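Dropping protein15.cif in here (mmCIF, C-alpha atoms (C1' of nucleotides)):
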data_final
loop_
_atom_site.label_atom_id
_atom_site.label_comp_id
_atom_site.auth_asym_id
_atom_site.auth_seq_id
_atom_site.Cartn_x
_atom_site.Cartn_y
_atom_site.Cartn_z
CA MET A 22 0.00 0.00 0.00
CA SER A 23 2.69 2.47 1.02
CA GLU A 24 4.66 1.55 -2.06
CA ILE A 25 1.81 2.34 -4.38
CA PHE A 26 1.16 5.71 -2.80
CA LYS A 27 4.85 6.49 -2.71
CA ALA A 28 5.07 5.72 -6.41
CA LEU A 29 2.07 7.94 -7.11
CA ALA A 30 3.42 10.79 -4.99
CA ASP A 31 5.83 11.86 -7.73
CA PRO A 32 4.38 13.74 -10.72
CA THR A 33 6.94 12.29 -13.12
CA ARG A 34 5.92 8.78 -12.20
CA ARG A 35 2.24 9.61 -12.53
CA ARG A 36 2.91 10.92 -16.02
CA VAL A 37 4.82 7.78 -16.91
CA LEU A 38 1.80 5.75 -15.90
CA GLN A 39 -0.45 8.00 -17.96
CA LEU A 40 1.77 7.50 -21.01
CA LEU A 41 1.71 3.76 -20.51
CA ARG A 42 -2.03 3.91 -20.40
CA GLU A 43 -2.04 4.60 -24.13
CA ARG A 44 0.35 1.82 -25.05
CA PRO A 45 3.41 -0.03 -23.78
CA MET A 46 6.61 1.87 -24.39
CA THR A 47 10.31 1.20 -24.10
CA ALA A 48 12.41 2.80 -21.40
CA GLY A 49 14.03 5.00 -24.03
CA GLU A 50 10.75 6.13 -25.56
CA LEU A 51 9.48 7.07 -22.14
CA ALA A 52 12.70 8.77 -21.10
CA GLU A 53 12.87 11.05 -24.13
CA ARG A 54 9.51 12.54 -23.15
CA PHE A 55 10.97 13.90 -19.92
CA PRO A 56 13.63 16.50 -19.22
CA PHE A 57 15.69 14.16 -17.03
CA SER A 58 18.60 11.87 -17.66
CA LYS A 59 17.95 8.27 -18.62
CA ALA A 60 19.54 7.19 -15.38
CA THR A 61 17.10 9.29 -13.41
CA MET A 62 14.20 7.91 -15.40
CA SER A 63 15.50 4.40 -14.84
CA ALA A 64 15.27 5.03 -11.11
CA HIS A 65 11.67 6.13 -11.52
CA PHE A 66 10.92 2.95 -13.46
CA ALA A 67 12.44 0.97 -10.62
CA VAL A 68 10.06 2.58 -8.14
CA LEU A 69 7.11 1.75 -10.38
CA ARG A 70 8.36 -1.83 -10.68
CA GLU A 71 8.74 -2.03 -6.87
CA ALA A 72 5.11 -1.01 -6.52
CA ASP A 73 4.23 -3.59 -9.17
CA LEU A 74 2.47 -0.89 -11.16
CA VAL A 75 4.32 -1.75 -14.38
CA ALA A 76 5.49 -4.90 -16.10
CA SER A 77 8.81 -4.96 -17.92
CA ASP A 78 9.48 -7.11 -20.94
CA LYS A 79 13.06 -7.41 -22.10
CA ARG A 80 13.41 -8.05 -25.83
CA GLY A 81 16.91 -7.95 -27.14
CA THR A 82 18.42 -4.75 -25.88
CA THR A 83 15.21 -2.89 -25.24
CA ILE A 84 12.90 -3.11 -22.28
CA THR A 85 9.26 -2.45 -22.85
CA TYR A 86 7.20 -1.24 -19.94
CA SER A 87 3.47 -1.67 -19.70
CA LEU A 88 0.92 -0.47 -17.20
CA LYS A 89 -0.51 -3.00 -14.76
CA LEU A 90 -3.81 -1.22 -14.56
CA SER A 91 -5.44 -3.88 -12.43
CA VAL A 92 -2.82 -3.45 -9.73
CA LEU A 93 -3.42 0.29 -9.68
CA GLU A 94 -7.16 -0.24 -9.72
CA ASP A 95 -7.19 -2.87 -6.99
CA GLY A 96 -4.86 -0.83 -4.83
CA LEU A 97 -6.89 2.34 -5.03
CA LEU A 98 -10.17 0.52 -4.67
CA ALA A 99 -9.00 -1.45 -1.65
CA PHE A 100 -7.90 1.75 0.04
CA ALA A 101 -11.04 3.64 -0.95
CA GLU A 102 -13.22 0.90 0.43
CA THR A 103 -11.72 1.21 3.89
CA PHE A 104 -13.17 4.72 3.83
CA GLY A 105 -16.48 3.75 2.31
CA ILE A 106 -15.52 5.72 -0.77
CA GLY A 107 -16.64 4.84 -4.26
CA ALA A 108 -18.29 1.58 -5.19
CA GLY A 109 -18.06 -0.08 -1.79
CA ARG A 110 -21.15 -0.56 0.37
CA ALA A 111 -19.74 2.02 2.85
CA PRO A 112 -18.85 -0.24 5.80
CA ALA A 113 -20.12 1.09 9.13
CA ALA A 114 -17.83 3.60 10.74
CA ALA A 115 -17.99 1.66 14.01
CA THR A 116 -15.35 -0.82 12.89
CA THR A 117 -12.34 -0.06 15.06
CA VAL A 118 -9.25 0.58 13.02
CA THR A 119 -6.63 -2.10 13.50
CA PRO A 120 -3.45 -0.26 14.49
CA ARG A 121 -1.18 -2.79 12.84
CA GLU A 122 1.96 -2.21 10.87
CA GLU A 123 2.13 -2.95 7.17
CA LYS A 124 2.61 -6.54 6.15
CA GLY A 125 6.09 -5.58 5.02
CA MET B 2 -2.35 15.77 -6.07
CA SER B 3 1.22 15.02 -5.06
CA GLU B 4 0.47 16.27 -1.60
CA ILE B 5 -2.43 13.92 -1.14
CA PHE B 6 -0.44 10.90 -2.28
CA LYS B 7 2.55 11.94 -0.21
CA ALA B 8 0.30 12.18 2.82
CA LEU B 9 -1.14 8.74 2.10
CA ALA B 10 2.27 7.20 1.53
CA ASP B 11 2.93 6.99 5.27
CA PRO B 12 1.16 4.24 7.23
CA THR B 13 0.96 6.33 10.38
CA ARG B 14 -0.88 9.05 8.52
CA ARG B 15 -3.25 6.57 6.90
CA ARG B 16 -4.07 5.23 10.37
CA VAL B 17 -4.68 8.72 11.65
CA LEU B 18 -7.18 9.23 8.84
CA GLN B 19 -8.82 5.92 9.68
CA LEU B 20 -9.17 6.95 13.31
CA LEU B 21 -10.69 10.25 12.28
CA ARG B 22 -13.17 8.38 10.18
CA GLU B 23 -14.89 7.25 13.37
CA ARG B 24 -15.02 10.65 15.00
CA PRO B 25 -13.05 13.87 15.33
CA MET B 26 -10.26 13.63 17.88
CA THR B 27 -7.86 16.01 19.55
CA ALA B 28 -4.17 15.98 18.73
CA GLY B 29 -3.48 14.43 22.12
CA GLU B 30 -6.08 11.68 21.76
CA LEU B 31 -4.64 10.77 18.39
CA ALA B 32 -1.05 10.96 19.55
CA GLU B 33 -1.53 8.60 22.49
CA ARG B 34 -2.63 5.87 20.09
CA PHE B 35 0.78 5.82 18.42
CA PRO B 36 4.22 4.90 19.69
CA PHE B 37 5.75 8.23 18.66
CA SER B 38 6.37 11.50 20.44
CA LYS B 39 3.74 14.22 20.32
CA ALA B 40 6.18 16.35 18.35
CA THR B 41 6.48 13.67 15.71
CA MET B 42 2.73 13.24 15.57
CA SER B 43 2.30 16.97 15.27
CA ALA B 44 4.47 16.88 12.16
CA HIS B 45 2.26 14.15 10.72
CA PHE B 46 -0.80 16.28 11.41
CA ALA B 47 0.89 19.14 9.58
CA VAL B 48 1.36 16.98 6.49
CA LEU B 49 -2.30 15.99 6.60
CA ARG B 50 -3.26 19.64 6.97
CA GLU B 51 -1.00 20.56 4.02
CA ALA B 52 -2.86 18.04 1.90
CA ASP B 53 -6.12 19.48 3.20
CA LEU B 54 -7.18 16.01 4.29
CA VAL B 55 -8.06 17.15 7.81
CA ALA B 56 -9.64 20.21 9.38
CA SER B 57 -8.35 21.55 12.67
CA ASP B 58 -10.56 23.31 15.18
CA LYS B 59 -8.86 25.08 18.03
CA ARG B 60 -10.98 25.30 21.17
CA GLY B 61 -9.20 26.71 24.15
CA THR B 62 -5.96 24.81 24.46
CA THR B 63 -6.96 21.73 22.53
CA ILE B 64 -7.04 21.24 18.77
CA THR B 65 -9.61 18.86 17.37
CA TYR B 66 -8.87 17.26 14.04
CA SER B 67 -11.53 15.92 11.75
CA LEU B 68 -11.38 14.05 8.48
CA LYS B 69 -12.21 15.93 5.30
CA LEU B 70 -13.57 12.87 3.60
CA SER B 71 -14.77 14.74 0.54
CA VAL B 72 -11.26 16.00 -0.18
CA LEU B 73 -9.91 12.45 0.02
CA GLU B 74 -12.77 11.17 -2.07
CA ASP B 75 -12.53 13.88 -4.73
CA GLY B 76 -8.76 13.50 -4.92
CA LEU B 77 -8.81 9.76 -5.38
CA LEU B 78 -11.74 9.87 -7.75
CA ALA B 79 -10.19 12.60 -9.89
CA PHE B 80 -7.01 10.58 -10.20
CA ALA B 81 -8.84 7.31 -10.81
CA GLU B 82 -10.89 8.89 -13.56
CA THR B 83 -7.81 9.84 -15.54
CA PHE B 84 -7.21 6.11 -15.75
CA GLY B 85 -10.78 5.18 -16.46
CA ILE B 86 -10.88 3.45 -13.10
CA GLY B 87 -13.98 3.16 -10.98
CA ALA B 88 -17.13 5.15 -11.56
CA GLY B 89 -15.86 7.24 -14.48
CA ARG B 90 -17.05 6.56 -18.02
CA ALA B 91 -13.52 5.43 -18.98
CA PRO B 92 -12.35 8.32 -21.18
CA ALA B 93 -10.77 7.23 -24.44
CA ALA B 94 -7.12 6.33 -24.14
CA ALA B 95 -6.32 8.55 -27.14
CA THR B 96 -6.19 11.70 -25.02
CA THR B 97 -2.53 12.68 -24.98
CA VAL B 98 -1.23 13.23 -21.52
CA THR B 99 -0.33 16.83 -20.85
CA PRO B 100 3.29 16.81 -19.67
CA ARG B 101 2.81 19.81 -17.43
CA GLU B 102 4.12 20.37 -13.96
CA GLU B 103 1.83 20.53 -10.95
CA LYS B 104 -0.01 23.77 -10.43
CA GLY B 105 2.07 24.30 -7.31
"C1'" DC C 20 1.14 36.70 38.01
"C1'" DT C 21 2.12 31.67 38.34
"C1'" DC C 22 1.19 26.95 37.32
"C1'" DT C 23 -0.44 23.35 34.50
"C1'" DT C 24 -1.96 21.36 30.21
"C1'" DA C 25 -2.10 20.94 25.12
"C1'" DT C 26 0.18 21.59 21.15
"C1'" DT C 27 3.55 23.28 18.08
"C1'" DT C 28 8.17 24.87 16.82
"C1'" DC C 29 13.17 24.47 17.02
"C1'" DG C 30 17.49 22.20 16.54
"C1'" DT C 31 19.63 17.88 15.68
"C1'" DT C 32 20.38 13.34 13.52
"C1'" DA C 33 19.77 9.43 10.36
"C1'" DT C 34 17.61 7.92 6.32
"C1'" DT C 35 15.59 8.41 1.91
"C1'" DT C 36 14.90 10.67 -2.39
"C1'" DA C 37 15.65 12.87 -6.87
"C1'" DG C 38 18.83 14.44 -9.67
"C1'" DC C 39 23.51 14.19 -12.12
"C1'" DT C 40 27.71 11.96 -14.68
"C1'" DA C 41 30.36 8.08 -15.48
"C1'" DA C 42 30.87 3.25 -15.63
"C1'" DA C 43 29.02 -1.35 -16.23
"C1'" DT C 44 26.07 -4.72 -18.63
"C1'" DA C 45 23.75 -6.91 -22.32
"C1'" DT C 46 22.54 -7.54 -26.92
"C1'" DA C 47 22.91 -6.92 -31.83
"C1'" DA C 48 25.50 -5.87 -35.90
"C1'" DA C 49 29.66 -5.66 -38.62
"C1'" DT D 8 36.38 -9.24 -31.76
"C1'" DT D 9 34.99 -4.53 -32.10
"C1'" DT D 10 31.48 -1.16 -32.21
"C1'" DA D 11 27.10 0.78 -31.30
"C1'" DT D 12 22.77 1.02 -28.79
"C1'" DA D 13 19.69 0.49 -24.72
"C1'" DT D 14 19.38 0.28 -20.12
"C1'" DT D 15 20.81 -0.16 -15.47
"C1'" DT D 16 24.11 0.39 -11.64
"C1'" DA D 17 27.49 2.97 -8.96
"C1'" DG D 18 28.92 6.96 -6.71
"C1'" DC D 19 27.98 11.54 -5.62
"C1'" DT D 20 25.29 15.83 -3.79
"C1'" DA D 21 21.43 18.50 -2.17
"C1'" DA D 22 17.11 18.50 -0.38
"C1'" DA D 23 13.33 16.29 2.00
"C1'" DT D 24 11.57 13.20 5.63
"C1'" DA D 25 10.78 11.02 10.06
"C1'" DA D 26 12.18 10.68 14.44
"C1'" DC D 27 13.75 12.71 19.05
"C1'" DG D 28 14.06 15.94 23.25
"C1'" DA D 29 13.83 20.59 24.64
"C1'" DA D 30 11.97 25.05 24.27
"C1'" DA D 31 8.19 28.09 22.99
"C1'" DT D 32 3.26 29.34 22.78
"C1'" DA D 33 -1.50 29.66 24.18
"C1'" DA D 34 -5.13 29.24 27.28
"C1'" DG D 35 -7.46 28.11 31.45
"C1'" DA D 36 -7.14 27.64 36.76
"C1'" DG D 37 -5.79 29.36 41.04
#
What does the file become when written as structure tokens?
Amino acid sequence: MSEIFKALADPTRRRVLQLLRERPMTAGELAERFPFSKATMSAHFAVLREADLVASDKRGTTITYSLKLSVLEDGLLAFAETFGIGAGRAPAAATTVTPREEKG
Amino acid sequence: MSEIFKALADPTRRRVLQLLRERPMTAGELAERFPFSKATMSAHFAVLREADLVASDKRGTTITYSLKLSVLEDGLLAFAETFGIGAGRAPAAATTVTPREEKG
DNA sequence: CTCTTATTTCGTTATTTAGCTAAATATAAA
DNA sequence: TTTATATTTAGCTAAATAACGAAATAAGAG
């Protein structure tokens, strides 16, 4: 959960995800759309991979990234539901919050 | 947008929001439910305030925090809709992403 | 005014993050 | 093998973050 939100907290990474929404793209294709070095972009890709928000497919020398929309969707939905937001049946507010640490 | 996700990226802050979902609570009430100093918790509250996810009401010497659920809801929904997630009518993927910086 | 309580702010420290350049790796082509 | 291309990794710096204890602030009680 934290990893997803951390990934989404950076505008560059959000834009990468938006680009991948249109179609899968290689690391280079993505990188040239941003004013940062390829190394910096590679680090951003790593964060997105950590959060499991993208899949990477190595083909020869190029790596193609694609959006794992279902992971993003499930993550956001799961969080939203704990607040009774969105589709969920708005679980009663009485449920005491479990003050447990992440399953990390 | 970044500020909301940054606020949500920390598990302590997510738990604070969950607690506030039940009822408004003072800074002290909230703080005593966590294993951190009041100063540290105060900093977390500041981040939540920055993101406009909580309202603070000063009454005498105590400050009562309450969840601004609509801000959380609108924020998540707005983001989700750009991905065609959830309620939204799934806008066509053809829309080119605007590579603009945050309005911050 | 003084004391106590509630909360924040200040000053410090350790860790993480985002950016860079340069170097390493891996694959394909010649 | 050498060269070129695509990408990541390594090493660095500056800035941000999360934590602490101590000091400051604000307000009510005596």
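Every protein or nucleic acid residue with an atom no more than 10 Å from D:DC19, counting only C-alpha atoms (C1' of nucleotides) and leaving out same-chain residues fewer than 2 positions away, appears here: DC39 and DT40 of chain C; DA17 of chain D.
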Near chain D, 10 Å: chain A residue rows, closest pairs, all atoms listed in the file, as a tab-separated table:
residue	atom	partner	partner_atom	distance
A:Thr47	CA	D:DA13	C1'	9.4
A:Ala48	CA	D:DT14	C1'	7.5
A:Gly49	CA	D:DA13	C1'	7.3
A:Lys59	CA	D:DT14	C1'	8.3
A:Ala60	CA	D:DT15	C1'	7.5
A:Ser63	CA	D:DT15	C1'	7.0
A:Ala64	CA	D:DT15	C1'	8.8
A:Ala67	CA	D:DT15	C1'	9.7
A:Gly81	CA	D:DA13	C1'	9.2
A:Thr82	CA	D:DA13	C1'	5.5
A:Thr83	CA	D:DA13	C1'	5.6
A:Ile84	CA	D:DT14	C1'	7.6
Report chain B as a PDB file with C-alpha atoms, in the frame of the given file in the frame of chain A, after least-squares superposition over all C-alpha atoms paired in order.
ATOM      1  CA  MET B   2      -0.076   0.057  -0.020  1.00  0.00           C
ATOM      2  CA  SER B   3       2.610   2.520   1.005  1.00  0.00           C
ATOM      3  CA  GLU B   4       4.577   1.601  -2.058  1.00  0.00           C
ATOM      4  CA  ILE B   5       1.729   2.377  -4.390  1.00  0.00           C
ATOM      5  CA  PHE B   6       1.081   5.765  -2.815  1.00  0.00           C
ATOM      6  CA  LYS B   7       4.779   6.555  -2.708  1.00  0.00           C
ATOM      7  CA  ALA B   8       5.000   5.758  -6.398  1.00  0.00           C
ATOM      8  CA  LEU B   9       2.010   7.986  -7.121  1.00  0.00           C
ATOM      9  CA  ALA B  10       3.347  10.826  -5.007  1.00  0.00           C
ATOM     10  CA  ASP B  11       5.770  11.878  -7.744  1.00  0.00           C
ATOM     11  CA  PRO B  12       4.348  13.753 -10.744  1.00  0.00           C
ATOM     12  CA  THR B  13       6.915  12.310 -13.123  1.00  0.00           C
ATOM     13  CA  ARG B  14       5.874   8.802 -12.199  1.00  0.00           C
ATOM     14  CA  ARG B  15       2.187   9.624 -12.551  1.00  0.00           C
ATOM     15  CA  ARG B  16       2.911  10.936 -16.054  1.00  0.00           C
ATOM     16  CA  VAL B  17       4.811   7.798 -16.912  1.00  0.00           C
ATOM     17  CA  LEU B  18       1.764   5.771 -15.907  1.00  0.00           C
ATOM     18  CA  GLN B  19      -0.445   8.026 -18.001  1.00  0.00           C
ATOM     19  CA  LEU B  20       1.791   7.511 -21.017  1.00  0.00           C
ATOM     20  CA  LEU B  21       1.699   3.770 -20.510  1.00  0.00           C
ATOM     21  CA  ARG B  22      -2.046   3.936 -20.436  1.00  0.00           C
ATOM     22  CA  GLU B  23      -2.004   4.605 -24.173  1.00  0.00           C
ATOM     23  CA  ARG B  24       0.380   1.822 -25.068  1.00  0.00           C
ATOM     24  CA  PRO B  25       3.421  -0.026 -23.765  1.00  0.00           C
ATOM     25  CA  MET B  26       6.651   1.861 -24.356  1.00  0.00           C
ATOM     26  CA  THR B  27      10.340   1.147 -24.044  1.00  0.00           C
ATOM     27  CA  ALA B  28      12.433   2.762 -21.342  1.00  0.00           C
ATOM     28  CA  GLY B  29      14.063   4.945 -23.978  1.00  0.00           C
ATOM     29  CA  GLU B  30      10.786   6.086 -25.531  1.00  0.00           C
ATOM     30  CA  LEU B  31       9.505   7.041 -22.110  1.00  0.00           C
ATOM     31  CA  ALA B  32      12.723   8.715 -21.055  1.00  0.00           C
ATOM     32  CA  GLU B  33      12.917  10.995 -24.089  1.00  0.00           C
ATOM     33  CA  ARG B  34       9.566  12.507 -23.139  1.00  0.00           C
ATOM     34  CA  PHE B  35      10.987  13.881 -19.897  1.00  0.00           C
ATOM     35  CA  PRO B  36      13.647  16.471 -19.182  1.00  0.00           C
ATOM     36  CA  PHE B  37      15.684  14.118 -16.990  1.00  0.00           C
ATOM     37  CA  SER B  38      18.611  11.819 -17.614  1.00  0.00           C
ATOM     38  CA  LYS B  39      17.981   8.206 -18.553  1.00  0.00           C
ATOM     39  CA  ALA B  40      19.575   7.182 -15.269  1.00  0.00           C
ATOM     40  CA  THR B  41      17.085   9.263 -13.343  1.00  0.00           C
ATOM     41  CA  MET B  42      14.207   7.878 -15.360  1.00  0.00           C
ATOM     42  CA  SER B  43      15.472   4.377 -14.787  1.00  0.00           C
ATOM     43  CA  ALA B  44      15.221   4.994 -11.052  1.00  0.00           C
ATOM     44  CA  HIS B  45      11.629   6.136 -11.502  1.00  0.00           C
ATOM     45  CA  PHE B  46      10.874   2.961 -13.432  1.00  0.00           C
ATOM     46  CA  ALA B  47      12.363   0.973 -10.566  1.00  0.00           C
ATOM     47  CA  VAL B  48       9.984   2.611  -8.099  1.00  0.00           C
ATOM     48  CA  LEU B  49       7.047   1.795 -10.356  1.00  0.00           C
ATOM     49  CA  ARG B  50       8.277  -1.781 -10.636  1.00  0.00           C
ATOM     50  CA  GLU B  51       8.644  -1.980  -6.831  1.00  0.00           C
ATOM     51  CA  ALA B  52       5.017  -0.962  -6.498  1.00  0.00           C
ATOM     52  CA  ASP B  53       4.140  -3.535  -9.143  1.00  0.00           C
ATOM     53  CA  LEU B  54       2.397  -0.833 -11.147  1.00  0.00           C
ATOM     54  CA  VAL B  55       4.256  -1.707 -14.348  1.00  0.00           C
ATOM     55  CA  ALA B  56       5.444  -4.875 -16.044  1.00  0.00           C
ATOM     56  CA  SER B  57       8.774  -4.952 -17.830  1.00  0.00           C
ATOM     57  CA  ASP B  58       9.441  -7.136 -20.841  1.00  0.00           C
ATOM     58  CA  LYS B  59      13.012  -7.464 -21.975  1.00  0.00           C
ATOM     59  CA  ARG B  60      13.375  -8.167 -25.686  1.00  0.00           C
ATOM     60  CA  GLY B  61      16.906  -8.124 -26.937  1.00  0.00           C
ATOM     61  CA  THR B  62      18.444  -4.916 -25.693  1.00  0.00           C
ATOM     62  CA  THR B  63      15.259  -2.981 -25.127  1.00  0.00           C
ATOM     63  CA  ILE B  64      12.903  -3.156 -22.160  1.00  0.00           C
ATOM     64  CA  THR B  65       9.245  -2.481 -22.788  1.00  0.00           C
ATOM     65  CA  TYR B  66       7.181  -1.241 -19.890  1.00  0.00           C
ATOM     66  CA  SER B  67       3.452  -1.650 -19.680  1.00  0.00           C
ATOM     67  CA  LEU B  68       0.886  -0.440 -17.197  1.00  0.00           C
ATOM     68  CA  LYS B  69      -0.572  -2.945 -14.760  1.00  0.00           C
ATOM     69  CA  LEU B  70      -3.871  -1.159 -14.578  1.00  0.00           C
ATOM     70  CA  SER B  71      -5.524  -3.809 -12.445  1.00  0.00           C
ATOM     71  CA  VAL B  72      -2.902  -3.390  -9.729  1.00  0.00           C
ATOM     72  CA  LEU B  73      -3.501   0.366  -9.687  1.00  0.00           C
ATOM     73  CA  GLU B  74      -7.230  -0.157  -9.742  1.00  0.00           C
ATOM     74  CA  ASP B  75      -7.274  -2.812  -7.017  1.00  0.00           C
ATOM     75  CA  GLY B  76      -4.940  -0.761  -4.840  1.00  0.00           C
ATOM     76  CA  LEU B  77      -6.962   2.412  -5.057  1.00  0.00           C
ATOM     77  CA  LEU B  78     -10.250   0.601  -4.710  1.00  0.00           C
ATOM     78  CA  ALA B  79      -9.090  -1.386  -1.687  1.00  0.00           C
ATOM     79  CA  PHE B  80      -7.991   1.806   0.015  1.00  0.00           C
ATOM     80  CA  ALA B  81     -11.113   3.720  -0.988  1.00  0.00           C
ATOM     81  CA  GLU B  82     -13.318   0.976   0.378  1.00  0.00           C
ATOM     82  CA  THR B  83     -11.833   1.277   3.844  1.00  0.00           C
ATOM     83  CA  PHE B  84     -13.262   4.780   3.782  1.00  0.00           C
ATOM     84  CA  GLY B  85     -16.561   3.830   2.256  1.00  0.00           C
ATOM     85  CA  ILE B  86     -15.579   5.799  -0.818  1.00  0.00           C
ATOM     86  CA  GLY B  87     -16.695   4.934  -4.310  1.00  0.00           C
ATOM     87  CA  ALA B  88     -18.277   1.648  -5.269  1.00  0.00           C
ATOM     88  CA  GLY B  89     -18.038  -0.027  -1.856  1.00  0.00           C
ATOM     89  CA  ARG B  90     -21.130  -0.518   0.290  1.00  0.00           C
ATOM     90  CA  ALA B  91     -19.735   1.962   2.852  1.00  0.00           C
ATOM     91  CA  PRO B  92     -18.797  -0.350   5.739  1.00  0.00           C
ATOM     92  CA  ALA B  93     -20.004   0.844   9.120  1.00  0.00           C
ATOM     93  CA  ALA B  94     -17.724   3.368  10.750  1.00  0.00           C
ATOM     94  CA  ALA B  95     -17.794   1.349  13.988  1.00  0.00           C
ATOM     95  CA  THR B  96     -15.075  -1.022  12.797  1.00  0.00           C
ATOM     96  CA  THR B  97     -12.060  -0.174  14.930  1.00  0.00           C
ATOM     97  CA  VAL B  98      -8.995   0.469  12.890  1.00  0.00           C
ATOM     98  CA  THR B  99      -6.333  -2.155  13.381  1.00  0.00           C
ATOM     99  CA  PRO B 100      -3.181  -0.281  14.405  1.00  0.00           C
ATOM    100  CA  ARG B 101      -0.888  -2.786  12.757  1.00  0.00           C
ATOM    101  CA  GLU B 102       2.193  -2.145  10.716  1.00  0.00           C
ATOM    102  CA  GLU B 103       2.339  -2.894   7.008  1.00  0.00           C
ATOM    103  CA  LYS B 104       2.851  -6.498   6.058  1.00  0.00           C
ATOM    104  CA  GLY B 105       6.260  -5.527   4.724  1.00  0.00           C
TER     105      GLY B 105
END
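Near chain A, the residues of chain B that fall inside 6 Å (using all atoms listed in the file) are B:Ser3, B:Phe6, B:Lys7, B:Ala10, B:Glu23, B:Ala94.
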Dump C-alpha atoms for the selected residues as a compact mmCIF listing (two decimals), in the frame of the given file?
# COMPACT_ATOMS: atom_id res chain seq x y z
CA SER B 3 1.22 15.02 -5.06
CA PHE B 6 -0.44 10.90 -2.28
CA LYS B 7 2.55 11.94 -0.21
CA ALA B 10 2.27 7.20 1.53
CA GLU B 23 -14.89 7.25 13.37
CA ALA B 94 -7.12 6.33 -24.14
Using the chain letters and numbering of this document, enumerate as JSON, numbers by chain the residues selected by the PyMOL selection byres ((chain C) within 8 of (chain B)). {"C": [24, 25, 26, 27]}
Please indicate the distance in Å from atom CA of B:Ala32 to atom CA of B:Leu68, rounded to one decimal place.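 Computing it gives 15.5 Å between the two atoms.
Going from atom CA of A:Leu74 to atom CA of A:Ala99 covers 14.9 Å.
Counting from atom CA of B:Tyr66, the distance to atom CA of B:Ser38 is 17.5 Å.
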Skip A:Lys89 itself and residues of its chain fewer than 5 positions away, then list as number ranges by chain all residues within 8 Å of it, counting all atoms listed in the file. A: 73-76
Would you save the residues from that selection as a CSV table (one decimal), keeping the file's coordinate frame, using C-alpha atoms?
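Produced file out_16.csv, reproduced below:
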chain,number,residue,atom,x,y,z
A,73,ASP,CA,4.2,-3.6,-9.2
A,74,LEU,CA,2.5,-0.9,-11.2
A,75,VAL,CA,4.3,-1.8,-14.4
A,76,ALA,CA,5.5,-4.9,-16.1
